[in-house]
>>> print(open('coords.cif').read())   # mmCIF, C-alpha atoms
data_target
loop_
_atom_site.label_atom_id
_atom_site.label_comp_id
_atom_site.auth_asym_id
_atom_site.auth_seq_id
_atom_site.Cartn_x
_atom_site.Cartn_y
_atom_site.Cartn_z
CA MET A 1 219.83 194.42 29.34
CA SER A 2 217.21 193.51 26.73
CA VAL A 3 213.77 195.09 26.61
CA PHE A 4 210.68 193.18 25.46
CA HIS A 5 208.01 195.48 24.05
CA LEU A 6 204.27 194.84 24.10
CA PRO A 7 203.39 193.24 20.75
CA ASP A 8 200.32 194.07 18.71
CA LEU A 9 197.66 191.82 20.25
CA GLY A 10 195.33 191.96 17.30
CA GLU A 11 194.27 194.12 14.34
CA GLY A 12 196.41 197.13 15.14
CA LEU A 13 195.24 197.72 18.73
CA ALA A 14 196.88 200.84 20.15
CA GLU A 15 197.01 199.67 23.77
CA ALA A 16 196.14 196.99 26.29
CA GLU A 17 195.53 196.86 30.03
CA ILE A 18 197.54 194.70 32.43
CA HIS A 19 195.06 192.14 33.73
CA GLU A 20 197.40 189.95 35.80
CA TRP A 21 201.15 189.42 36.14
CA TYR A 22 202.23 185.77 36.29
CA VAL A 23 205.82 186.67 37.15
CA LYS A 24 207.72 189.14 39.32
CA GLU A 25 211.04 190.91 39.18
CA GLY A 26 213.88 188.50 39.88
CA ASP A 27 212.10 185.47 38.42
CA THR A 28 213.83 183.29 35.84
CA VAL A 29 211.53 182.22 33.01
CA THR A 30 211.65 179.76 30.14
CA VAL A 31 210.75 180.42 26.51
CA ASP A 32 206.98 180.54 25.86
CA GLN A 33 206.20 180.69 29.60
CA PRO A 34 203.16 182.96 30.18
CA LEU A 35 204.36 186.29 31.54
CA VAL A 36 201.25 188.42 31.81
CA SER A 37 197.62 188.49 30.75
CA MET A 38 196.66 191.65 28.87
CA GLU A 39 193.08 192.82 28.41
CA THR A 40 192.24 194.33 25.04
CA ALA A 41 188.91 195.26 23.56
CA LYS A 42 186.85 192.50 25.21
CA ALA A 43 189.51 189.77 25.17
CA VAL A 44 192.12 188.64 27.70
CA VAL A 45 195.32 187.44 26.01
CA ASP A 46 198.32 185.74 27.61
CA VAL A 47 201.69 187.06 26.45
CA PRO A 48 204.44 184.38 26.47
CA ALA A 49 208.18 184.87 27.09
CA PRO A 50 210.07 185.43 23.83
CA HIS A 51 213.13 183.68 25.29
CA ALA A 52 214.50 182.31 28.56
CA GLY A 53 216.11 184.66 31.05
CA LYS A 54 215.95 186.54 34.32
CA ILE A 55 213.44 189.37 34.72
CA VAL A 56 214.97 192.62 35.91
CA LYS A 57 212.03 194.99 35.61
CA LEU A 58 208.28 194.94 34.97
CA TYR A 59 206.86 198.05 33.34
CA GLY A 60 203.52 198.60 35.00
CA LYS A 61 201.18 197.06 37.55
CA LYS A 62 197.73 195.51 37.37
CA GLY A 63 195.29 197.96 35.80
CA ASP A 64 197.94 200.03 34.02
CA ILE A 65 197.51 200.80 30.32
CA ILE A 66 200.47 199.86 28.13
CA GLN A 67 200.81 201.25 24.62
CA THR A 68 201.47 198.74 21.83
CA HIS A 69 205.25 198.53 21.21
CA ALA A 70 206.03 200.24 24.53
CA PRO A 71 208.41 198.50 27.01
CA LEU A 72 206.76 195.68 28.93
CA ILE A 73 209.55 193.61 30.52
CA GLU A 74 213.30 194.05 30.88
CA PHE A 75 215.50 190.96 30.89
CA GLU A 76 219.02 190.51 32.19
CA GLY A 77 221.65 190.26 29.46
CA SER A 78 220.91 190.50 25.75
CA ALA A 79 219.08 188.29 23.31
CA SER A 80 218.60 188.14 19.57
CA VAL A 81 215.22 188.75 18.02
CA GLN A 82 213.08 185.60 18.09
CA LYS A 83 209.66 184.64 16.82
CA ASP A 84 207.06 182.93 18.92
CA LYS A 85 205.79 179.43 18.13
CA GLY A 86 202.18 179.88 17.16
CA THR A 87 200.82 181.83 20.11
CA VAL A 88 197.46 183.57 19.94
CA VAL A 89 199.07 186.96 19.43
CA GLY A 90 201.11 186.13 16.34
CA ASN A 91 204.76 187.06 16.11
CA LEU A 92 206.32 188.42 19.29
CA GLU A 93 209.54 190.31 18.88
CA GLU A 94 212.14 191.29 21.38
CA SER A 95 215.36 193.22 21.13
CA SER A 96 217.81 195.18 23.23
CA ALA A 97 217.03 198.40 21.35
CA VAL A 98 215.74 201.27 23.47
CA LEU A 99 212.33 202.52 22.31
CA ASP A 100 212.74 205.50 20.02
CA GLU A 101 209.48 207.33 19.53
CA GLY A 102 210.85 208.79 16.34
CA ASP A 103 210.54 205.31 14.86
CA MET A 104 207.13 204.69 16.39
CA ILE A 105 205.13 207.85 15.77
CA ILE A 106 203.82 208.42 12.28
CA GLY A 107 205.15 211.67 10.88
CA ALA A 108 207.58 212.24 13.76
CA ALA A 109 211.17 213.24 13.15
CA LYS A 110 214.05 211.42 14.80
CA LYS A 111 214.39 212.14 18.48
CA THR A 112 215.87 215.46 19.52
CA ALA A 113 216.29 217.13 22.88
CA ASN A 114 212.95 218.88 22.46
CA THR A 115 210.95 215.92 21.16
CA VAL A 116 207.81 215.07 23.11
CA LYS A 117 207.66 211.31 23.72
CA ALA A 118 204.09 210.12 23.23
CA MET A 119 202.36 207.38 21.26
CA PRO A 120 199.73 208.29 18.63
CA ALA A 121 196.84 207.32 20.91
CA VAL A 122 198.20 209.61 23.64
CA ARG A 123 198.58 212.49 21.21
CA ALA A 124 195.03 212.00 19.99
CA LEU A 125 193.71 212.06 23.56
CA ALA A 126 195.70 215.22 24.32
CA LYS A 127 194.19 216.92 21.28
CA GLN A 128 190.70 215.85 22.32
CA LEU A 129 191.16 217.15 25.88
CA ASN A 130 192.93 220.31 24.69
CA VAL A 131 196.08 219.42 26.63
CA ASP A 132 199.47 220.86 25.62
CA LEU A 133 201.85 217.88 25.63
CA THR A 134 204.82 220.11 26.31
CA ALA A 135 203.23 220.97 29.67
CA VAL A 136 202.76 217.33 30.69
CA THR A 137 205.13 215.65 33.14
CA PRO A 138 205.90 212.17 31.74
CA SER A 139 205.76 209.13 34.01
CA GLY A 140 206.23 206.37 31.43
CA PRO A 141 209.39 204.42 30.67
CA GLN A 142 212.22 206.42 29.11
CA GLY A 143 210.34 209.66 29.54
CA GLN A 144 207.22 208.73 27.60
CA ILE A 145 203.95 210.56 28.24
CA THR A 146 201.16 208.13 29.11
CA VAL A 147 197.39 208.33 28.84
CA ASP A 148 197.18 208.81 32.61
CA ASP A 149 199.65 211.74 32.43
CA VAL A 150 197.40 213.52 29.94
CA LYS A 151 194.26 212.78 31.96
CA LYS A 152 195.96 213.96 35.13
CA LEU A 153 196.80 217.36 33.67
CA ALA A 154 193.36 217.67 32.10
CA GLY A 155 191.78 216.79 35.43
CA GLN A 156 193.59 219.61 37.20
CA HIS A 157 191.52 222.06 35.17
CA ALA A 158 188.26 220.13 35.29
CA PRO A 159 185.51 220.21 37.94
CA LYS A 160 185.75 217.43 40.51
CA LEU A 161 183.11 214.73 40.22
CA GLY A 162 183.31 213.51 43.79
CA ASN A 163 183.69 209.78 44.43
CA VAL A 164 184.99 208.45 41.11
CA GLU A 165 186.42 205.19 39.87
CA ALA A 166 188.50 204.60 36.78
CA LEU A 167 186.99 202.45 34.06
CA HIS A 168 188.92 199.25 33.45
CA GLY A 169 188.73 196.24 31.19
CA VAL A 170 185.58 195.70 29.15
CA ARG A 171 183.86 198.90 30.32
CA ARG A 172 186.88 201.02 29.39
CA PHE A 173 187.14 199.55 25.91
CA MET A 174 183.38 199.91 25.47
CA ALA A 175 183.66 203.61 26.32
CA ILE A 176 186.45 204.04 23.77
CA ALA A 177 184.45 202.23 21.06
CA MET A 178 181.32 204.30 21.74
CA GLN A 179 183.31 207.53 21.64
CA LYS A 180 184.88 206.51 18.34
CA SER A 181 181.44 205.75 16.92
CA HIS A 182 180.11 209.13 18.04
CA GLN A 183 183.04 210.93 16.42
CA GLU A 184 183.01 209.07 13.11
CA VAL A 185 179.58 207.67 12.22
CA VAL A 186 176.62 209.57 10.75
CA PRO A 187 173.83 207.42 12.26
CA VAL A 188 170.17 207.28 11.27
CA THR A 189 167.71 204.99 13.07
CA ILE A 190 164.45 203.72 11.58
CA ILE A 191 161.89 201.70 13.54
CA ASP A 192 159.00 199.42 12.67
CA ASP A 193 157.12 196.36 13.93
CA ALA A 194 157.01 192.81 12.64
CA VAL A 195 153.84 190.84 13.36
CA GLU A 196 155.01 187.28 13.83
CA ASN A 197 153.57 184.40 11.90
CA PRO A 198 151.74 182.15 14.41
CA ALA A 199 153.50 179.15 12.86
CA SER A 200 156.89 180.60 13.81
CA GLN A 201 156.13 181.20 17.48
CA GLU A 202 157.50 177.82 18.50
CA LYS A 203 160.82 178.50 16.75
CA ASP A 204 164.04 179.82 18.31
CA PHE A 205 163.52 183.60 18.11
CA THR A 206 167.21 184.58 18.12
CA VAL A 207 167.93 182.09 15.32
CA CYS A 208 164.94 183.46 13.39
CA MET A 209 166.38 186.97 13.72
CA LEU A 210 169.75 185.79 12.42
CA GLN A 211 168.09 184.13 9.44
CA ALA A 212 165.99 187.25 8.84
CA LEU A 213 169.21 189.27 8.65
CA VAL A 214 170.60 186.85 6.08
CA ALA A 215 167.42 187.19 3.99
CA ALA A 216 167.61 190.99 4.21
CA ILE A 217 171.28 190.98 3.18
CA HIS A 218 170.42 188.94 0.11
CA ALA A 219 167.78 191.56 -0.74
CA GLU A 220 169.95 194.59 0.07
CA PRO A 221 173.69 193.71 0.36
CA ALA A 222 174.81 197.30 1.03
CA LEU A 223 174.23 196.95 4.78
CA ASN A 224 176.56 193.95 5.10
CA ALA A 225 179.62 196.12 4.63
CA TRP A 226 182.58 197.97 6.09
CA TYR A 227 183.22 201.65 5.47
CA ASP A 228 186.52 203.55 5.57
CA GLY A 229 185.58 207.16 6.22
CA LYS A 230 189.11 208.47 5.85
CA ASN A 231 189.49 207.17 2.30
CA MET A 232 185.75 207.14 1.52
CA GLU A 233 185.82 203.49 0.51
CA ARG A 234 183.42 200.65 1.28
CA CYS A 235 183.69 196.88 1.10
CA ILE A 236 180.48 194.88 0.63
CA HIS A 237 181.00 191.39 2.04
CA GLN A 238 179.82 188.14 0.53
CA GLU A 239 180.00 186.23 3.80
CA VAL A 240 177.59 187.10 6.61
CA ASN A 241 179.40 187.41 9.95
CA ILE A 242 176.94 188.61 12.58
CA GLY A 243 178.13 190.17 15.83
CA LEU A 244 175.71 189.09 18.58
CA ALA A 245 175.62 191.49 21.54
CA MET A 246 175.78 189.70 24.91
CA ASP A 247 175.29 191.39 28.27
CA THR A 248 177.49 190.36 31.22
CA PRO A 249 178.18 191.85 34.66
CA GLU A 250 181.58 192.97 33.36
CA GLY A 251 180.19 194.77 30.33
CA LEU A 252 179.06 194.19 26.77
CA PHE A 253 180.65 191.50 24.62
CA VAL A 254 179.98 191.04 20.90
CA PRO A 255 181.18 187.61 19.74
CA VAL A 256 180.85 186.92 16.03
CA LEU A 257 178.91 184.12 14.36
CA LYS A 258 180.83 183.44 11.14
CA ASN A 259 179.26 182.46 7.80
CA VAL A 260 175.71 182.50 9.18
CA GLU A 261 174.29 182.12 5.68
CA LYS A 262 175.75 178.59 5.47
CA LYS A 263 174.50 177.24 8.82
CA THR A 264 171.35 175.40 9.86
CA PRO A 265 169.17 176.56 12.78
CA THR A 266 170.57 173.73 14.93
CA GLU A 267 174.16 174.71 14.12
CA LEU A 268 173.45 178.35 14.94
CA ARG A 269 171.86 177.52 18.30
CA THR A 270 174.80 175.26 19.23
CA GLU A 271 177.28 178.00 18.33
CA ILE A 272 175.33 180.68 20.24
CA ASP A 273 175.28 178.54 23.38
CA ALA A 274 179.01 177.84 23.10
CA LEU A 275 179.81 181.54 22.69
CA LYS A 276 177.64 182.47 25.67
CA LYS A 277 179.52 179.95 27.80
CA SER A 278 182.96 181.16 26.72
CA VAL A 279 182.00 184.83 27.16
CA ARG A 280 180.80 184.27 30.71
CA ALA A 281 183.97 182.31 31.54
CA ARG A 282 186.14 184.95 29.82
CA THR A 283 187.72 182.23 27.70
CA VAL A 284 186.39 183.56 24.39
CA ALA A 285 189.17 183.68 21.80
CA PRO A 286 190.13 187.07 20.31
CA SER A 287 189.36 185.70 16.83
CA GLU A 288 185.75 185.11 17.93
CA LEU A 289 185.35 188.82 18.71
CA GLN A 290 186.58 190.07 15.34
CA GLY A 291 185.34 190.22 11.78
CA ALA A 292 181.67 191.18 12.21
CA THR A 293 180.05 192.49 9.03
CA ILE A 294 176.79 193.49 10.77
CA THR A 295 175.47 193.35 14.35
CA LEU A 296 172.34 192.11 16.13
CA SER A 297 171.31 193.36 19.58
CA ASN A 298 168.41 191.44 21.09
CA PHE A 299 168.06 193.86 24.03
CA GLY A 300 164.36 193.06 24.40
CA THR A 301 165.23 189.93 26.38
CA ILE A 302 165.75 192.38 29.27
CA ALA A 303 163.45 195.36 28.61
CA GLY A 304 162.74 198.13 26.16
CA ARG A 305 160.71 198.47 22.99
CA TYR A 306 162.73 200.67 20.61
CA SER A 307 166.27 202.11 20.72
CA ASN A 308 168.95 203.78 18.63
CA PRO A 309 171.62 201.05 18.54
CA ILE A 310 175.22 202.24 18.19
CA ILE A 311 177.28 201.22 15.16
CA VAL A 312 180.88 200.17 15.79
CA PRO A 313 183.09 201.06 12.81
CA PRO A 314 183.95 199.75 10.29
CA THR A 315 180.48 198.10 10.11
CA VAL A 316 177.64 200.22 8.72
CA ALA A 317 174.52 198.73 10.33
CA ILE A 318 173.13 197.25 13.53
CA LEU A 319 169.67 195.80 14.14
CA GLY A 320 168.09 196.03 17.57
CA CYS A 321 165.08 193.97 18.63
CA GLY A 322 163.02 195.10 21.61
CA LYS A 323 160.72 193.14 23.90
CA VAL A 324 158.25 191.02 21.94
CA ARG A 325 154.69 191.80 23.04
CA GLU A 326 151.17 190.57 22.36
CA GLU A 327 148.83 193.00 20.62
CA VAL A 328 145.41 192.97 19.02
CA VAL A 329 145.94 193.32 15.27
CA ALA A 330 143.55 193.45 12.30
CA ARG A 331 143.81 190.57 9.84
CA GLU A 332 141.39 190.23 6.90
CA GLY A 333 138.72 192.21 8.70
CA LYS A 334 139.08 190.25 11.93
CA MET A 335 140.82 191.02 15.22
CA GLU A 336 143.55 188.64 16.32
CA ILE A 337 146.00 188.53 19.18
CA ARG A 338 149.48 188.23 17.68
CA LYS A 339 153.06 188.63 18.87
CA VAL A 340 154.73 191.82 17.69
CA ALA A 341 158.50 192.28 17.49
CA PRO A 342 159.66 195.95 17.65
CA LEU A 343 162.69 196.55 15.41
CA SER A 344 165.23 199.39 15.39
CA LEU A 345 167.73 199.60 12.54
CA THR A 346 170.64 202.06 12.74
CA PHE A 347 172.68 202.62 9.59
CA ASP A 348 175.65 204.81 8.70
CA HIS A 349 174.27 207.34 6.23
CA ARG A 350 177.75 207.96 4.80
CA ALA A 351 177.72 204.48 3.25
CA VAL A 352 174.03 203.50 3.11
CA THR A 353 171.12 205.33 1.49
CA GLY A 354 167.71 205.68 3.10
CA GLY A 355 166.20 203.55 0.36
CA GLU A 356 168.67 200.73 0.95
CA ALA A 357 168.04 200.82 4.70
CA THR A 358 164.25 200.84 4.48
CA ARG A 359 164.23 198.02 1.90
CA PHE A 360 166.55 196.08 4.22
CA LEU A 361 164.18 196.54 7.18
CA ALA A 362 161.20 195.63 4.98
CA ALA A 363 162.93 192.37 4.03
CA ILE A 364 163.47 191.52 7.72
CA ILE A 365 159.80 192.17 8.49
CA LYS A 366 158.69 190.09 5.50
CA TYR A 367 160.83 187.15 6.65
CA LEU A 368 159.54 187.28 10.24
CA GLU A 369 155.92 187.56 9.12
CA GLU A 370 156.18 184.69 6.64
CA ALA A 371 158.67 182.32 8.27
#
>>> encode(input="coords.cif", output="structure tokens")
Amino acid sequence: MSVFHLPDLGEGLAEAEIHEWYVKEGDTVTVDQPLVSMETAKAVVDVPAPHAGKIVKLYGKKGDIIQTHAPLIEFEGSASVQKDKGTVVGNLEESSAVLDEGDMIIGAAKKTANTVKAMPAVRALAKQLNVDLTAVTPSGPQGQITVDDVKKLAGQHAPKLGNVEALHGVRRFMAIAMQKSHQEVVPVTIIDDAVENPASQEKDFTVCMLQALVAAIHAEPALNAWYDGKNMERCIHQEVNIGLAMDTPEGLFVPVLKNVEKKTPTELRTEIDALKKSVRARTVAPSELQGATITLSNFGTIAGRYSNPIIVPPTVAILGCGKVREEVVAREGKMEIRKVAPLSLTFDHRAVTGGEATRFLAAIIKYLEEA
């Protein structure tokens, strides 16, 4: 028998959820034939067959969480390691070797009779929930402890919530990202209003916000950055890749507009519309959900004036724009009715100073009031 393990589906993801099986046990498949679609953090990726053969066993059913590098499919016979031919997930590897958690877990010794079999993400969850892994009954392949095993034991000692449903797909990954942000980031939110220039009121507001971010980054580059809290290092980016938060019935998606500083308003609008279409159809490519250097959330298209937007590491800033409203404002001793855009800027105070953040917000307001 040869075992095909779940490959890394992008940027070191620790796990993925089975979205749909395209095959069943007993099927014979050809090389590169789609086997299963796996849902990662906001993207659904098809995993192709690494070689031809007969499927003996599928590890998991729809909705199950599979750890990266854990067994996914068992084939009849044996096969040499092969590389895929340009699939979206990069190199897929397959071998007949049985998974040895001693090779997989950082800092773990080689397997012994007393070794607990658990991936790093499972161990982290156990630590968070104060669960002793030696007390957990494993249900995973080859005696591995799964996320569900840890949650099950933790749940036995927790109060019952009544009618509950497990989070899956986009909502589950959103919950993980928000928890990570809460644990790692030191957030500060500052708010202010921008009184729009009457001449700009006929312009595309979302595009104006994107261009305002570019202007602010030129004035204060420190907010267009990534921060590594573990090593206390930051990387200030030259390119401006803006994550644009999009609401859907399935959850929040944040596709990334790349090199915004180089694009015209028409090009930006065309790209926004294309991303909206692909997000709603769930055809957005994983590469279009990665690489943001800063984020924009235009939540005011629904409701709300101010907020404290959540930063997703490794970025250090996110700008939220609330519902634009008309107000009476004083201008040169006269009263005028003008549109006012409420702005909320959250920054990671580990990497950004208060002065940098306030100058950044001031530059956004200046652009919107003069554009």
>>> closest_residue(input="coords.cif", among="A:Leu223, A:Leu268, A:Leu167, A:Cys321", to="Gly354 in chain A", atoms="only C-alpha atoms")
A:Leu223
>>> resolve_selection(input="coords.cif", expression="the PyMOL selection byres ((chain A and resi 193) around 6)", output="ChimeraX atom specification")
/A:192,194,341-343
>>> resolve_selection(input="coords.cif", expression="the PyMOL selection byres ((chain A and resi 172) around 12)", output="ChimeraX atom specification")
/A:15-17,39-42,63,65,165-171,173-179,250-252
>>> atom_distance(input="coords.cif", atom1="CA of Ile311 in chain A", atom2="CA of Met232 in chain A")
17.1 Å
>>> closest_residue(input="coords.cif", among="A:Ile272, A:Gly26, A:Gln144, A:Lys339", to="Glu327 in chain A", atoms="all atoms listed in the file")
A:Lys339
>>> residues_around(input="coords.cif", residues="Asp32 in chain A", least_positions_apart="4", cutoff="7 Å", atoms="all atoms listed in the file", output="list of chain:residue names")
A:Pro48, A:Ala49, A:Pro50, A:His51
>>> decode(input="coords.cif", residues="range 7-26 of chain A", atoms="N, CA, C and O atoms", output="mmCIF file, in the first residue's frame")
data_model
loop_
_atom_site.group_PDB
_atom_site.id
_atom_site.type_symbol
_atom_site.label_atom_id
_atom_site.label_comp_id
_atom_site.auth_asym_id
_atom_site.auth_seq_id
_atom_site.Cartn_x
_atom_site.Cartn_y
_atom_site.Cartn_z
ATOM 1 N N PRO A 7 -0.897 17.625 1.090
ATOM 2 C CA PRO A 7 0.212 18.566 0.905
ATOM 3 C C PRO A 7 -0.108 19.917 1.522
ATOM 4 O O PRO A 7 -1.256 20.206 1.873
ATOM 5 N N ASP A 8 0.908 20.736 1.657
ATOM 6 C CA ASP A 8 0.713 22.113 2.106
ATOM 7 C C ASP A 8 -0.005 22.871 0.996
ATOM 8 O O ASP A 8 0.509 23.011 -0.106
ATOM 9 N N LEU A 9 -1.201 23.358 1.283
ATOM 10 C CA LEU A 9 -2.019 24.012 0.263
ATOM 11 C C LEU A 9 -1.762 25.504 0.148
ATOM 12 O O LEU A 9 -2.482 26.203 -0.551
ATOM 13 N N GLY A 10 -0.749 25.987 0.836
ATOM 14 C CA GLY A 10 -0.425 27.399 0.667
ATOM 15 C C GLY A 10 0.090 28.070 1.909
ATOM 16 O O GLY A 10 -0.591 28.092 2.932
ATOM 17 N N GLU A 11 1.306 28.602 1.857
ATOM 18 C CA GLU A 11 1.904 29.433 2.899
ATOM 19 C C GLU A 11 1.876 28.784 4.274
ATOM 20 O O GLU A 11 1.540 29.398 5.280
ATOM 21 N N GLY A 12 2.211 27.496 4.328
ATOM 22 C CA GLY A 12 2.376 26.839 5.614
ATOM 23 C C GLY A 12 1.101 26.608 6.395
ATOM 24 O O GLY A 12 1.119 26.582 7.630
ATOM 25 N N LEU A 13 -0.042 26.421 5.716
ATOM 26 C CA LEU A 13 -1.303 26.176 6.415
ATOM 27 C C LEU A 13 -1.219 24.876 7.200
ATOM 28 O O LEU A 13 -0.739 23.864 6.700
ATOM 29 N N ALA A 14 -1.716 24.899 8.431
ATOM 30 C CA ALA A 14 -1.593 23.732 9.307
ATOM 31 C C ALA A 14 -2.648 22.678 9.025
ATOM 32 O O ALA A 14 -2.467 21.512 9.386
ATOM 33 N N GLU A 15 -3.759 23.050 8.381
ATOM 34 C CA GLU A 15 -4.849 22.108 8.190
ATOM 35 C C GLU A 15 -5.772 22.577 7.090
ATOM 36 O O GLU A 15 -5.681 23.711 6.608
ATOM 37 N N ALA A 16 -6.670 21.696 6.681
ATOM 38 C CA ALA A 16 -7.694 22.034 5.692
ATOM 39 C C ALA A 16 -8.909 21.160 5.957
ATOM 40 O O ALA A 16 -8.817 20.088 6.566
ATOM 41 N N GLU A 17 -10.051 21.615 5.491
ATOM 42 C CA GLU A 17 -11.304 20.896 5.701
ATOM 43 C C GLU A 17 -11.753 20.227 4.408
ATOM 44 O O GLU A 17 -11.666 20.819 3.331
ATOM 45 N N ILE A 18 -12.210 18.979 4.513
ATOM 46 C CA ILE A 18 -12.708 18.271 3.334
ATOM 47 C C ILE A 18 -14.015 18.920 2.889
ATOM 48 O O ILE A 18 -15.002 18.925 3.620
ATOM 49 N N HIS A 19 -13.997 19.486 1.690
ATOM 50 C CA HIS A 19 -15.169 20.161 1.153
ATOM 51 C C HIS A 19 -16.028 19.190 0.347
ATOM 52 O O HIS A 19 -17.252 19.168 0.479
ATOM 53 N N GLU A 20 -15.386 18.382 -0.493
ATOM 54 C CA GLU A 20 -16.132 17.407 -1.298
ATOM 55 C C GLU A 20 -15.172 16.345 -1.846
ATOM 56 O O GLU A 20 -14.121 16.678 -2.395
ATOM 57 N N TRP A 21 -15.546 15.082 -1.702
ATOM 58 C CA TRP A 21 -14.797 13.992 -2.326
ATOM 59 C C TRP A 21 -15.300 13.799 -3.758
ATOM 60 O O TRP A 21 -16.497 13.773 -4.001
ATOM 61 N N TYR A 22 -14.363 13.679 -4.701
ATOM 62 C CA TYR A 22 -14.725 13.387 -6.084
ATOM 63 C C TYR A 22 -14.612 11.901 -6.389
ATOM 64 O O TYR A 22 -15.021 11.454 -7.470
ATOM 65 N N VAL A 23 -14.034 11.150 -5.459
ATOM 66 C CA VAL A 23 -13.817 9.719 -5.661
ATOM 67 C C VAL A 23 -14.310 8.955 -4.444
ATOM 68 O O VAL A 23 -14.633 9.547 -3.412
ATOM 69 N N LYS A 24 -14.338 7.631 -4.573
ATOM 70 C CA LYS A 24 -14.714 6.777 -3.440
ATOM 71 C C LYS A 24 -13.780 5.584 -3.393
ATOM 72 O O LYS A 24 -13.028 5.306 -4.339
ATOM 73 N N GLU A 25 -13.817 4.885 -2.283
ATOM 74 C CA GLU A 25 -12.968 3.709 -2.134
ATOM 75 C C GLU A 25 -13.328 2.670 -3.194
ATOM 76 O O GLU A 25 -14.510 2.420 -3.468
ATOM 77 N N GLY A 26 -12.299 2.121 -3.821
ATOM 78 C CA GLY A 26 -12.503 1.145 -4.889
ATOM 79 C C GLY A 26 -12.349 1.738 -6.277
ATOM 80 O O GLY A 26 -12.198 1.005 -7.257
#
